[in-house]
file model.txt (compact mmCIF, C-alpha atoms and all ligand atoms)
# COMPACT_ATOMS: atom_id res chain seq x y z
CA MET A 1 73.28 67.78 87.71
CA GLU A 2 76.82 66.87 88.58
CA LYS A 3 78.34 69.67 90.67
CA GLN A 4 81.90 68.97 89.67
CA ILE A 5 83.90 67.55 86.82
CA ILE A 6 87.40 66.27 87.39
CA THR A 7 89.54 65.13 84.49
CA GLU A 8 93.26 64.63 84.01
CA ASN A 9 93.71 68.23 82.84
CA TYR A 10 91.13 70.22 84.73
CA ALA A 11 88.72 70.31 87.66
CA ILE A 12 85.67 72.55 87.63
CA TYR A 13 83.17 73.05 90.44
CA ASN A 14 79.68 74.54 90.64
CA ASN A 15 79.99 75.91 94.16
CA ASP A 16 80.86 78.88 96.32
CA CYS A 17 84.61 79.35 95.90
CA MET A 18 85.08 79.50 99.68
CA ASN A 19 83.74 75.94 99.99
CA VAL A 20 86.30 74.67 97.49
CA VAL A 21 89.31 76.79 98.43
CA ASP A 22 89.25 75.79 102.07
CA LYS A 23 89.76 72.16 101.05
CA MET A 24 92.77 72.91 98.86
CA ASP A 25 96.27 72.08 100.11
CA ASN A 26 98.75 74.67 101.35
CA ASN A 27 101.22 75.83 98.67
CA SER A 28 99.54 73.82 95.92
CA ILE A 29 98.76 76.45 93.25
CA ASP A 30 101.35 77.73 90.77
CA LEU A 31 99.37 80.66 89.36
CA SER A 32 95.96 82.25 89.87
CA VAL A 33 94.25 84.46 87.29
CA TYR A 34 90.77 85.90 87.77
CA SER A 35 88.36 88.85 87.66
CA PRO A 36 86.55 89.31 90.97
CA PRO A 37 82.80 89.96 90.93
CA PHE A 38 82.13 93.35 92.39
CA CYS A 39 79.13 94.80 94.16
CA GLY A 40 77.44 97.48 92.10
CA LEU A 41 79.17 96.62 88.82
CA TYR A 42 77.06 93.62 87.82
CA LYS A 43 74.76 91.28 89.66
CA TYR A 44 75.43 87.80 88.42
CA SER A 45 72.77 86.01 90.44
CA SER A 46 70.41 86.44 93.36
CA SER A 47 72.35 84.03 95.57
CA GLU A 48 73.49 85.55 98.84
CA ARG A 49 76.78 83.73 98.32
CA ASP A 50 77.36 85.73 95.13
CA MET A 51 79.99 88.29 96.11
CA SER A 52 78.53 90.83 93.70
CA ASN A 53 75.41 90.91 95.87
CA ASN A 54 77.02 92.55 98.88
CA ALA A 55 75.09 95.63 99.89
CA THR A 56 78.13 97.84 100.44
CA ILE A 57 81.75 98.06 99.36
CA GLU A 58 82.79 97.36 102.97
CA ASP A 59 80.75 94.11 103.04
CA PHE A 60 82.29 93.04 99.76
CA LEU A 61 85.82 93.75 100.99
CA THR A 62 85.24 91.82 104.22
CA GLN A 63 84.13 88.78 102.26
CA TYR A 64 86.88 89.17 99.66
CA GLU A 65 89.50 89.35 102.40
CA PHE A 66 88.51 85.86 103.62
CA LEU A 67 89.25 84.60 100.13
CA ILE A 68 92.61 86.40 99.89
CA LYS A 69 93.75 84.80 103.18
CA GLU A 70 93.04 81.44 101.58
CA MET A 71 94.68 82.43 98.29
CA ALA A 72 97.82 83.29 100.26
CA ARG A 73 97.72 79.87 101.89
CA ILE A 74 97.24 77.84 98.70
CA THR A 75 99.63 79.80 96.42
CA LYS A 76 103.19 78.48 96.24
CA PRO A 77 105.82 80.86 97.69
CA GLY A 78 107.27 83.21 95.08
CA ARG A 79 104.35 82.60 92.70
CA ILE A 80 101.81 84.93 91.19
CA ASN A 81 98.16 85.98 91.58
CA ALA A 82 97.05 88.12 88.61
CA ILE A 83 93.85 90.05 89.23
CA HIS A 84 91.89 91.69 86.47
CA CYS A 85 89.90 94.71 87.72
CA GLN A 86 89.05 98.35 87.11
CA ASP A 87 88.09 101.54 88.84
CA ILE A 88 84.36 101.36 89.45
CA ILE A 89 82.02 104.06 88.20
CA THR A 90 79.70 104.51 91.15
CA HIS A 91 77.30 106.88 89.46
CA THR A 92 76.59 106.67 85.74
CA THR A 93 75.51 110.29 85.34
CA LYS A 94 78.20 111.93 87.49
CA HIS A 95 81.01 109.47 86.77
CA ASN A 96 82.39 109.25 90.31
CA LEU A 97 85.10 106.63 90.57
CA TYR A 98 85.85 104.20 93.36
CA ASP A 99 89.49 103.10 93.36
CA PHE A 100 88.89 99.35 93.60
CA PRO A 101 92.50 98.41 92.65
CA HIS A 102 93.73 100.32 95.71
CA ASP A 103 91.70 98.14 98.08
CA ILE A 104 92.72 94.95 96.25
CA ILE A 105 96.38 95.95 96.74
CA LYS A 106 95.94 96.74 100.44
CA ILE A 107 94.24 93.41 101.15
CA HIS A 108 96.94 91.44 99.33
CA GLU A 109 99.74 93.27 101.11
CA LYS A 110 98.09 92.55 104.45
CA HIS A 111 98.07 88.82 103.72
CA GLY A 112 101.59 88.11 102.55
CA PHE A 113 101.69 89.19 98.91
CA TYR A 114 103.99 91.77 97.36
CA TYR A 115 102.47 94.14 94.82
CA ARG A 116 104.74 93.92 91.77
CA ASN A 117 103.13 95.33 88.68
CA ARG A 118 100.08 96.98 87.14
CA ILE A 119 99.27 96.37 83.49
CA THR A 120 96.77 98.70 81.89
CA VAL A 121 94.45 97.20 79.30
CA TRP A 122 93.36 99.88 76.85
CA LYS A 123 89.69 100.01 75.85
CA GLU A 124 88.12 101.63 72.85
CA PRO A 125 85.99 104.62 74.09
CA LEU A 126 83.02 104.19 71.77
CA ARG A 127 82.72 100.55 72.69
CA VAL A 128 82.81 101.42 76.40
CA ARG A 129 80.19 104.10 75.84
CA MET A 130 77.86 101.61 74.10
CA ARG A 131 78.37 99.01 76.79
CA THR A 132 78.10 101.14 79.93
CA MET A 133 76.02 104.10 78.69
CA VAL A 134 78.12 106.47 80.84
CA GLN A 135 77.29 110.06 79.94
CA SER A 136 80.83 111.30 80.52
CA LEU A 137 81.86 109.70 77.22
CA MET A 138 79.13 111.36 75.15
CA HIS A 139 80.15 113.95 72.62
CA LYS A 140 77.17 116.09 73.58
CA LYS A 141 78.79 116.59 77.00
CA ILE A 142 81.78 118.26 75.33
CA VAL A 143 79.35 120.72 73.82
CA GLU A 144 77.33 121.29 77.00
CA ASP A 145 79.92 121.19 79.78
CA SER A 146 83.22 119.47 79.28
CA THR A 147 84.01 119.36 83.02
CA GLU A 148 81.70 116.34 82.94
CA CYS A 149 83.73 114.49 80.29
CA PHE A 150 86.30 111.86 81.18
CA THR A 151 88.24 109.16 79.40
CA ALA A 152 87.04 105.57 79.10
CA VAL A 153 88.23 103.68 82.18
CA PRO A 154 90.73 101.00 81.26
CA ASP A 155 91.02 97.57 82.83
CA TYR A 156 94.00 96.71 84.97
CA VAL A 157 95.81 93.50 85.71
CA LEU A 158 97.42 93.69 89.14
CA ILE A 159 100.32 91.32 89.68
CA PHE A 160 101.05 90.04 93.19
CA VAL A 161 103.80 87.69 94.28
CA LYS A 162 103.44 85.56 97.38
CA ALA A 163 106.30 86.10 99.84
CA GLY A 164 108.96 83.40 99.88
CA GLU A 165 111.38 81.77 97.51
CA ASN A 166 110.15 80.50 94.17
CA LYS A 167 111.56 76.96 94.18
CA ILE A 168 110.91 76.27 90.47
CA PRO A 169 111.75 79.12 88.07
CA VAL A 170 109.31 79.75 85.24
CA THR A 171 111.50 79.30 82.19
CA HIS A 172 111.05 79.85 78.46
CA ASP A 173 113.88 77.74 77.09
CA HIS A 174 113.11 78.60 73.49
CA GLY A 175 111.73 82.08 74.16
CA LEU A 176 108.21 83.25 73.23
CA LYS A 177 106.83 82.17 69.86
CA LYS A 178 103.12 82.86 69.70
CA TYR A 179 101.76 86.39 69.93
CA HIS A 180 98.41 86.84 71.69
CA GLY A 181 96.98 90.13 70.45
CA GLN A 182 96.21 92.20 67.41
CA THR A 183 99.45 94.07 66.64
CA PRO A 184 102.74 92.25 67.22
CA VAL A 185 104.79 94.82 65.32
CA LEU A 186 104.34 98.58 65.72
CA PRO A 187 105.32 101.03 62.94
CA GLU A 188 108.23 102.39 65.02
CA MET A 189 109.56 98.85 65.63
CA CYS A 190 109.45 98.29 61.89
CA LYS A 191 111.21 101.56 61.13
CA LYS A 192 114.03 100.71 63.54
CA PHE A 193 114.39 97.23 62.07
CA ASN A 194 114.55 98.58 58.52
CA LYS A 195 117.19 101.12 59.50
CA THR A 196 119.44 98.55 61.20
CA ASN A 197 118.98 95.83 58.61
CA GLU A 198 118.71 97.96 55.49
CA THR A 199 115.35 96.46 54.59
CA ASN A 200 112.11 97.99 53.51
CA PHE A 201 109.50 95.87 55.29
CA ASP A 202 106.06 96.99 56.32
CA GLU A 203 104.73 95.63 59.67
CA PHE A 204 103.09 92.65 58.02
CA GLU A 205 106.25 91.70 56.13
CA LEU A 206 108.43 92.07 59.20
CA TRP A 207 106.17 89.81 61.25
CA GLU A 208 106.21 87.24 58.46
CA TYR A 209 110.00 87.48 58.23
CA LEU A 210 110.42 87.04 62.00
CA ASN A 211 108.19 83.96 61.94
CA ASN A 212 109.82 82.39 58.92
CA THR A 213 113.32 83.00 60.22
CA TYR A 214 113.03 82.37 63.94
CA TYR A 215 109.97 80.23 64.71
CA LYS A 216 112.00 77.03 64.72
CA LYS A 217 115.15 78.50 66.28
CA SER A 218 115.71 77.05 69.72
CA ASP A 219 118.30 79.47 71.11
CA PRO A 220 116.22 82.15 72.88
CA ARG A 221 119.08 84.70 73.00
CA SER A 222 119.33 85.05 69.24
CA ASN A 223 115.62 84.48 68.59
CA LYS A 224 114.42 87.87 67.38
CA LEU A 225 110.81 86.66 67.19
CA SER A 226 110.86 86.16 70.96
CA HIS A 227 112.54 89.54 71.54
CA TYR A 228 109.84 91.29 69.51
CA ILE A 229 107.00 89.53 71.33
CA TRP A 230 108.53 90.38 74.70
CA GLN A 231 108.95 94.01 73.66
CA ARG A 232 105.17 94.20 73.20
CA TYR A 233 104.30 92.22 76.36
CA ALA A 234 106.75 94.31 78.44
CA SER A 235 104.74 97.44 77.66
CA SER A 236 102.80 98.73 80.69
CA VAL A 237 99.81 99.28 78.39
CA TRP A 238 98.42 96.29 76.55
CA ASP A 239 96.74 98.22 73.78
CA ASP A 240 95.86 95.48 71.32
CA ILE A 241 93.85 92.95 73.31
CA ARG A 242 91.14 91.66 70.98
CA PRO A 243 87.85 92.39 72.78
CA ASP A 244 85.86 89.72 70.98
CA GLU A 245 88.33 86.87 71.46
CA VAL A 246 86.31 85.40 74.31
CA LEU A 247 84.55 82.15 75.05
CA LYS A 248 80.88 81.67 74.22
CA PHE A 249 78.75 83.27 76.93
CA LYS A 250 75.42 84.54 75.56
CA GLU A 251 73.62 81.20 75.95
CA SER A 252 74.35 81.25 79.69
CA LYS A 253 72.12 84.28 80.31
CA GLU A 254 69.05 83.37 82.32
CA GLU A 255 65.66 84.98 81.82
CA ASP A 256 65.71 87.21 84.89
CA ASP A 257 69.36 88.26 84.47
CA GLU A 258 69.72 91.98 83.89
CA LYS A 259 72.98 91.50 81.99
CA HIS A 260 75.19 88.68 80.93
CA VAL A 261 78.68 87.90 82.11
CA HIS A 262 81.54 89.41 80.10
CA PRO A 263 84.22 86.79 79.84
CA LEU A 264 87.86 87.77 80.21
CA GLN A 265 89.62 88.08 76.86
CA LEU A 266 91.70 85.02 76.01
CA ASP A 267 94.62 87.23 74.85
CA ILE A 268 95.04 88.50 78.43
CA ILE A 269 94.81 85.06 80.02
CA ASN A 270 97.08 83.42 77.44
CA ARG A 271 99.75 86.06 78.01
CA LEU A 272 99.59 85.73 81.79
CA ILE A 273 99.64 81.95 81.73
CA GLU A 274 102.54 81.82 79.30
CA LEU A 275 104.52 84.44 81.20
CA TYR A 276 103.91 83.22 84.74
CA SER A 277 103.62 79.42 84.73
CA ASN A 278 105.46 76.41 83.38
CA PRO A 279 103.78 73.73 81.25
CA LYS A 280 101.86 71.16 83.34
CA GLU A 281 101.58 73.52 86.32
CA ILE A 282 98.28 74.37 88.02
CA VAL A 283 96.34 77.53 87.21
CA PHE A 284 93.42 78.45 89.48
CA THR A 285 90.42 80.78 89.27
CA PRO A 286 87.95 81.14 92.16
CA PHE A 287 85.52 83.02 89.84
CA MET A 288 85.42 80.92 86.70
CA GLY A 289 82.39 82.40 84.92
CA VAL A 290 82.04 80.54 81.62
CA GLY A 291 85.42 78.86 82.05
CA SER A 292 87.94 81.21 80.39
CA GLU A 293 90.93 80.80 82.73
CA VAL A 294 90.56 77.01 82.92
CA PHE A 295 90.11 76.81 79.14
CA SER A 296 93.23 78.86 78.49
CA ALA A 297 95.22 76.85 81.06
CA VAL A 298 94.40 73.57 79.33
CA ALA A 299 94.95 75.02 75.85
CA ASN A 300 98.42 76.11 76.98
CA ASP A 301 99.28 72.66 78.36
CA ARG A 302 98.69 73.59 82.00
CA LYS A 303 96.17 72.12 84.42
CA GLY A 304 93.18 74.30 85.29
CA ILE A 305 91.00 74.47 88.39
CA GLY A 306 87.93 76.72 88.46
CA VAL A 307 84.93 77.39 90.70
CA GLU A 308 81.69 79.07 89.63
CA LEU A 309 78.65 79.72 91.76
CA LYS A 310 76.06 80.30 89.05
CA GLU A 311 74.80 77.09 87.50
CA SER A 312 74.13 78.48 84.02
CA TYR A 313 77.70 79.80 83.75
CA TYR A 314 79.07 76.51 85.05
CA LYS A 315 77.04 74.63 82.42
CA GLN A 316 78.41 76.97 79.75
CA ALA A 317 81.93 76.31 81.06
CA ILE A 318 81.33 72.57 80.58
CA LYS A 319 80.31 73.23 76.96
CA ASN A 320 83.23 75.58 76.36
CA MET A 321 85.71 73.03 77.66
CA GLN A 322 84.51 70.69 74.89
CA SER A 323 86.05 72.95 72.28
CA VAL A 324 89.44 73.25 73.98
CA LYS A 325 91.10 70.68 71.72
CA GLU A 326 90.21 72.67 68.62
CA TYR A 327 91.57 75.89 70.15
CA CYS A 328 94.65 74.05 71.36
CA ASP A 329 95.39 72.92 67.80
CA PHE A 330 95.00 76.52 66.69
CA LEU A 331 97.45 77.77 69.36
CA SER A 332 100.10 75.19 68.61
CA CYS A 333 99.86 75.46 64.84
CA GLU A 334 102.80 77.14 63.20
CA ASP A 335 100.76 79.71 61.34
CA ASN A 336 101.38 82.76 63.48
CA SER A 337 99.80 85.18 61.06
CA LEU A 338 97.52 87.72 62.64
CA PHE A 339 96.80 90.33 60.04
C1 LIG B 401 83.83 88.82 86.57
S1 LIG B 401 82.97 87.32 86.50
C2 LIG B 401 84.22 86.21 85.94
C3 LIG B 401 84.20 85.97 84.48
C4 LIG B 401 85.24 84.96 84.04
N1 LIG B 401 86.58 85.48 84.15
C5 LIG B 401 84.98 84.53 82.59
O1 LIG B 401 85.84 84.78 81.74
O2 LIG B 401 83.89 84.01 82.32
C6 LIG B 401 82.81 86.89 88.19
C7 LIG B 401 82.13 85.56 88.45
O3 LIG B 401 82.16 85.25 89.83
C8 LIG B 401 81.02 84.46 90.12
N2 LIG B 401 80.85 84.44 91.58
C9 LIG B 401 80.33 85.39 92.40
N3 LIG B 401 80.41 85.01 93.69
C10 LIG B 401 80.99 83.79 93.71
C11 LIG B 401 81.36 82.86 94.72
N4 LIG B 401 81.12 83.14 96.01
N5 LIG B 401 81.97 81.70 94.36
C12 LIG B 401 82.20 81.42 93.05
N6 LIG B 401 81.86 82.23 92.04
C13 LIG B 401 81.26 83.41 92.36
C14 LIG B 401 79.92 85.16 89.34
O4 LIG B 401 78.82 84.30 89.12
C15 LIG B 401 80.66 85.49 88.03
O5 LIG B 401 80.52 84.48 87.09
call {"tool": "encode", "arguments": {"input": "model.txt", "output": "C-alpha cells"}}
result
Amino acid sequence: MEKQIITENYAIYNNDCMNVVDKMDNNSIDLSVYSPPFCGLYKYSSSERDMSNNATIEDFLTQYEFLIKEMARITKPGRINAIHCQDIITHTTKHNLYDFPHDIIKIHEKHGFYYRNRITVWKEPLRVRMRTMVQSLMHKKIVEDSTECFTAVPDYVLIFVKAGENKIPVTHDHGLKKYHGQTPVLPEMCKKFNKTNETNFDEFELWEYLNNTYYKKSDPRSNKLSHYIWQRYASSVWDDIRPDEVLKFKESKEEDDEKHVHPLQLDIINRLIELYSNPKEIVFTPFMGVGSEVFSAVANDRKGIGVELKESYYKQAIKNMQSVKEYCDFLSCEDNSLF
C-alpha cells in the first residue's frame, strides 16, 4: 500500500511522525493542532514507535520532547501550536490524577514556545462515566463515601506561541460568520439583546435575525453576527462542543485492538483553524488518527499535513478525505441554522 498521498491541498503519511518531521523545513508550518497519544490512556497499536506504548510517563515525556524540539523548528515565529489533552486518571478505582498539561507546558517553554491560553472543553458526566467506567462518577459512591466522588475531567486545549515576530497577521476581514458548536446564543445574551433593542426574541429567533441581517455584511466592526460568535469563542470554557461531530472511525478498529481511537471533535478543530490561520496556510498534525485535523484544514480552505503510524487509521483517513468536498459545501453554505 502507498505510504503517502500528496495532493494539491493535503499530504498524509503512514509513518512515525519523527521520520516525517525531521525532513520538514524550518519555519514552514503556520499552525499545528493535535491530540498526543499518551501512555496508559489508550494503546493504539503494538508498535514500539507508538508513543502510547511507552512503559512510563518519563519515557513518554523523553520521546515527546524530541518531537517538541522539531515542532519548535518547523513552526513559523509568532505562530501557534494548539494541543488537545487532559489530566490523566492513573487509577480507575481511586481516581488519582496525573497533571499531563503541566508537563506539556514545561516542555514547550523549554523549547522556545510561550504558553498563552488554556481552553477548557466541558464534557457531559454521564457520557464520561459510560466511556471510562471511572467509579468516582457513580451515584452509588455518593451514597457509600462521597470523598471518592469527583467531577468528570474536562479536555483542555493548550495554546502555545513560538517566540519571534509573526510576519503575517491572521486576519478576519469580514469577521466570523459560521458558528461551530451547539449553542451560538445563550439565554443571557438574548435577554441583553432584547433589552437594548426592545425586541422579544428567543435564542433561536435572535440567531436567525443575526444571520439574516449580518451574514452578508462585510464590515466586521458593525457585524453583530461576528461579535456574537466571538463572544462565545472567547469564553474560557467551550461548553457546547458537539461530541458526535467527528469523522468516521469505527471501521478502523482492528481485531486485537482493545479500544478504538476517539477522533477529535470537528467543532474544536474548525474553531482553532479559523481563529489561528489564514486561508491557504499550512496546518500540521503529527498524530493524525483518522484524519480529523487534515480534513478540517482542507474543508476550511487551508492546506493540511498529517502523519499517522497505524495503518488502519491511515487507511480510514484516506477514506475520510474523500468526503471532504461534501463537508466543505456544508461549511460554506449560507444556512447557518443549528437548532
Ligand atoms: C489521540 S490519537 C489522535 C486522534 C486524531 N486527532 C483524530 O481525530 O483521529 C493519537 C494518534 O497518534 C498515533 N501515534 C502514536 N505514536 C505515533 C507516532 N510515533 N507517529 C505518528 N502517529 C503516532 C496513534 O496511532 C493515534 O492514532
call {"tool": "residues_around", "arguments": {"input": "model.txt", "residues": "segment 274-291 of chain A", "least_positions_apart": "5", "cutoff": "6 Å", "atoms": "all atoms listed in the file", "output": "PyMOL selection string"}}
result
chain A and resi 17+29-34+170+301-308+313+316-317
call {"tool": "closest_atom_pairs", "arguments": {"input": "model.txt", "of": "chain A", "to": "ligand LIG 401 (chain B)", "cutoff": "9 Å", "atoms": "all atoms listed in the file", "output": "CSV"}}
result
residue,atom,partner,partner_atom,distance
A:Tyr13,CA,B:LIG401,C12,8.8
A:Asn14,CA,B:LIG401,C12,7.7
A:Asn15,CA,B:LIG401,C12,6.0
A:Asp16,CA,B:LIG401,N5,3.6
A:Cys17,CA,B:LIG401,N5,3.9
A:Met18,CA,B:LIG401,N4,6.5
A:Asn19,CA,B:LIG401,N5,8.2
A:Val20,CA,B:LIG401,N5,8.8
A:Val33,CA,B:LIG401,N1,8.4
A:Tyr34,CA,B:LIG401,N1,5.6
A:Ser35,CA,B:LIG401,C1,4.7
A:Pro36,CA,B:LIG401,C1,5.2
A:Pro37,CA,B:LIG401,C6,4.1
A:Phe38,CA,B:LIG401,C1,7.6
A:Tyr42,CA,B:LIG401,C1,8.4
A:Lys43,CA,B:LIG401,C14,8.0
A:Tyr44,CA,B:LIG401,O4,4.9
A:Ser45,CA,B:LIG401,O4,6.4
A:Ser47,CA,B:LIG401,N3,8.3
A:Glu48,CA,B:LIG401,N4,8.5
A:Arg49,CA,B:LIG401,N4,5.0
A:Asp50,CA,B:LIG401,N3,3.4
A:Met51,CA,B:LIG401,N3,4.1
A:Ser52,CA,B:LIG401,C9,5.9
A:Asn53,CA,B:LIG401,N3,8.0
A:Gln63,CA,B:LIG401,N4,8.9
A:His84,CA,B:LIG401,N1,8.5
A:Cys85,CA,B:LIG401,C1,8.5
A:Val246,CA,B:LIG401,O1,7.5
A:Leu247,CA,B:LIG401,O1,7.3
A:Lys248,CA,B:LIG401,O2,9.0
A:Phe249,CA,B:LIG401,O2,7.5
A:Val261,CA,B:LIG401,S1,6.2
A:His262,CA,B:LIG401,C3,6.2
A:Pro263,CA,B:LIG401,O1,3.2
A:Leu264,CA,B:LIG401,O1,3.9
A:Gln265,CA,B:LIG401,O1,7.0
A:Leu266,CA,B:LIG401,O1,8.2
A:Thr285,CA,B:LIG401,N1,7.9
A:Pro286,CA,B:LIG401,C12,5.8
A:Phe287,CA,B:LIG401,O3,4.0
A:Met288,CA,B:LIG401,C4,4.8
A:Gly289,CA,B:LIG401,O2,3.4
A:Val290,CA,B:LIG401,O2,4.0
A:Gly291,CA,B:LIG401,O2,5.4
A:Ser292,CA,B:LIG401,O1,4.4
A:Glu293,CA,B:LIG401,O1,6.5
A:Gly306,CA,B:LIG401,C12,8.7
A:Val307,CA,B:LIG401,C12,5.4
A:Glu308,CA,B:LIG401,N6,4.0
A:Leu309,CA,B:LIG401,N6,4.1
A:Lys310,CA,B:LIG401,O4,4.9
A:Glu311,CA,B:LIG401,O4,8.4
A:Tyr313,CA,B:LIG401,O5,6.4
A:Tyr314,CA,B:LIG401,O5,8.4
A:Ala317,CA,B:LIG401,O2,8.0
call {"tool": "residues_around", "arguments": {"input": "model.txt", "residues": "Asn96 of chain A", "least_positions_apart": "4", "cutoff": "12 Å", "atoms": "all atoms listed in the file", "output": "ChimeraX atom specification"}}
result
/A:87-92,134-136,148-150,153
call {"tool": "atom_distance", "arguments": {"input": "model.txt", "atom1": "atom CA of Asp267 of chain A", "atom2": "atom CA of Val185 of chain A"}}
result
15.9 Å
call {"tool": "residues_around", "arguments": {"input": "model.txt", "residues": "segment 118-131 of chain A", "least_positions_apart": "6", "cutoff": "9 Å", "atoms": "all atoms listed in the file", "output": "JSON, numbers by chain"}}
result
{"A": [137, 138, 151, 152, 153, 154, 155, 156, 157, 158, 159, 235, 236, 237, 238, 239, 240, 241, 243, 268]}
call {"tool": "residues_around", "arguments": {"input": "model.txt", "residues": "Ser323 of chain A", "least_positions_apart": "5", "cutoff": "10 Å", "atoms": "all atoms listed in the file", "output": "list of chain:residue names"}}
result
A:Leu247, A:Phe295, A:Ala299, A:Ile318, A:Cys328
call {"tool": "atom_distance", "arguments": {"input": "model.txt", "atom1": "atom CA of Asp59 of chain A", "atom2": "atom CA of Pro101 of chain A"}}
result
16.3 Å
call {"tool": "atom_distance", "arguments": {"input": "model.txt", "atom1": "atom CA of Leu225 of chain A", "atom2": "atom CA of Asn194 of chain A"}}
result
15.2 Å
call {"tool": "residues_around", "arguments": {"input": "model.txt", "residues": "Val324 of chain A", "least_positions_apart": "4", "cutoff": "10 Å", "atoms": "all atoms listed in the file", "output": "list of chain:residue names"}}
result
A:Val294, A:Phe295, A:Ser296, A:Ala297, A:Val298, A:Ala299, A:Asn300, A:Lys319, A:Asn320, A:Cys328, A:Asp329, A:Phe330
call {"tool": "axis_aligned_box", "arguments": {"input": "model.txt", "around": "segment 277-281 of chain A", "padding_each_side": "8 Å", "output": "AutoDock Vina command-line options"}}
result
--center_x 103.5 --center_y 75.3 --center_z 83.8 --size_x 19.9 --size_y 24.3 --size_z 21.1
call {"tool": "closest_residue", "arguments": {"input": "model.txt", "among": "A:Tyr98, A:Trp207, A:Phe66, A:Tyr115", "to": "Tyr179 of chain A", "atoms": "all atoms listed in the file"}}
result
A:Trp207
call {"tool": "closest_residue", "arguments": {"input": "model.txt", "among": "A:Ala163, A:Ala55, A:Cys190, A:Leu176", "to": "Asn211 of chain A", "atoms": "all atoms listed in the file"}}
result
A:Leu176
call {"tool": "closest_residue", "arguments": {"input": "model.txt", "among": "A:Phe201, A:Tyr327, A:Phe113, A:Tyr10", "to": "Lys76 of chain A", "atoms": "all atoms listed in the file"}}
result
A:Phe113
call {"tool": "closest_residue", "arguments": {"input": "model.txt", "among": "A:Glu144, A:His139, A:Glu326, A:Lys162", "to": "Asn81 of chain A", "atoms": "all atoms listed in the file"}}
result
A:Lys162
call {"tool": "closest_residue", "arguments": {"input": "model.txt", "among": "A:Arg232, A:Ile12, A:Phe160, A:Lys315", "to": "Lys110 of chain A", "atoms": "all atoms listed in the file"}}
result
A:Phe160
call {"tool": "decode", "arguments": {"input": "model.txt", "residues": "segment 210-241 of chain A", "atoms": "C-alpha atoms", "output": "PDB file, in the first residue's frame"}}
result
ATOM      1  CA  LEU A 210     -28.284  37.884  13.265  1.00  0.00           C
ATOM      2  CA  ASN A 211     -27.760  35.617  10.264  1.00  0.00           C
ATOM      3  CA  ASN A 212     -30.364  37.283   8.094  1.00  0.00           C
ATOM      4  CA  THR A 213     -29.142  40.770   8.921  1.00  0.00           C
ATOM      5  CA  TYR A 214     -25.374  40.391   9.066  1.00  0.00           C
ATOM      6  CA  TYR A 215     -24.252  37.292   7.151  1.00  0.00           C
ATOM      7  CA  LYS A 216     -23.551  39.274   4.005  1.00  0.00           C
ATOM      8  CA  LYS A 217     -22.249  42.413   5.731  1.00  0.00           C
ATOM      9  CA  SER A 218     -18.583  42.893   5.003  1.00  0.00           C
ATOM     10  CA  ASP A 219     -17.651  45.486   7.635  1.00  0.00           C
ATOM     11  CA  PRO A 220     -16.513  43.410  10.637  1.00  0.00           C
ATOM     12  CA  ARG A 221     -16.852  46.302  13.126  1.00  0.00           C
ATOM     13  CA  SER A 222     -20.597  46.631  12.704  1.00  0.00           C
ATOM     14  CA  ASN A 223     -21.198  42.926  12.048  1.00  0.00           C
ATOM     15  CA  LYS A 224     -23.098  41.793  15.138  1.00  0.00           C
ATOM     16  CA  LEU A 225     -23.113  38.170  13.951  1.00  0.00           C
ATOM     17  CA  SER A 226     -19.321  38.143  14.223  1.00  0.00           C
ATOM     18  CA  HIS A 227     -19.402  39.861  17.632  1.00  0.00           C
ATOM     19  CA  TYR A 228     -21.807  37.222  18.958  1.00  0.00           C
ATOM     20  CA  ILE A 229     -19.727  34.319  17.632  1.00  0.00           C
ATOM     21  CA  TRP A 230     -16.572  35.795  19.138  1.00  0.00           C
ATOM     22  CA  GLN A 231     -18.318  36.289  22.477  1.00  0.00           C
ATOM     23  CA  ARG A 232     -18.884  32.523  22.608  1.00  0.00           C
ATOM     24  CA  TYR A 233     -15.405  31.561  21.318  1.00  0.00           C
ATOM     25  CA  ALA A 234     -13.747  33.997  23.763  1.00  0.00           C
ATOM     26  CA  SER A 235     -15.186  32.052  26.692  1.00  0.00           C
ATOM     27  CA  SER A 236     -12.525  30.075  28.586  1.00  0.00           C
ATOM     28  CA  VAL A 237     -14.952  27.136  28.683  1.00  0.00           C
ATOM     29  CA  TRP A 238     -16.177  25.739  25.400  1.00  0.00           C
ATOM     30  CA  ASP A 239     -19.320  24.142  26.741  1.00  0.00           C
ATOM     31  CA  ASP A 240     -21.189  23.271  23.564  1.00  0.00           C
ATOM     32  CA  ILE A 241     -18.766  21.189  21.510  1.00  0.00           C
TER      33      ILE A 241
END
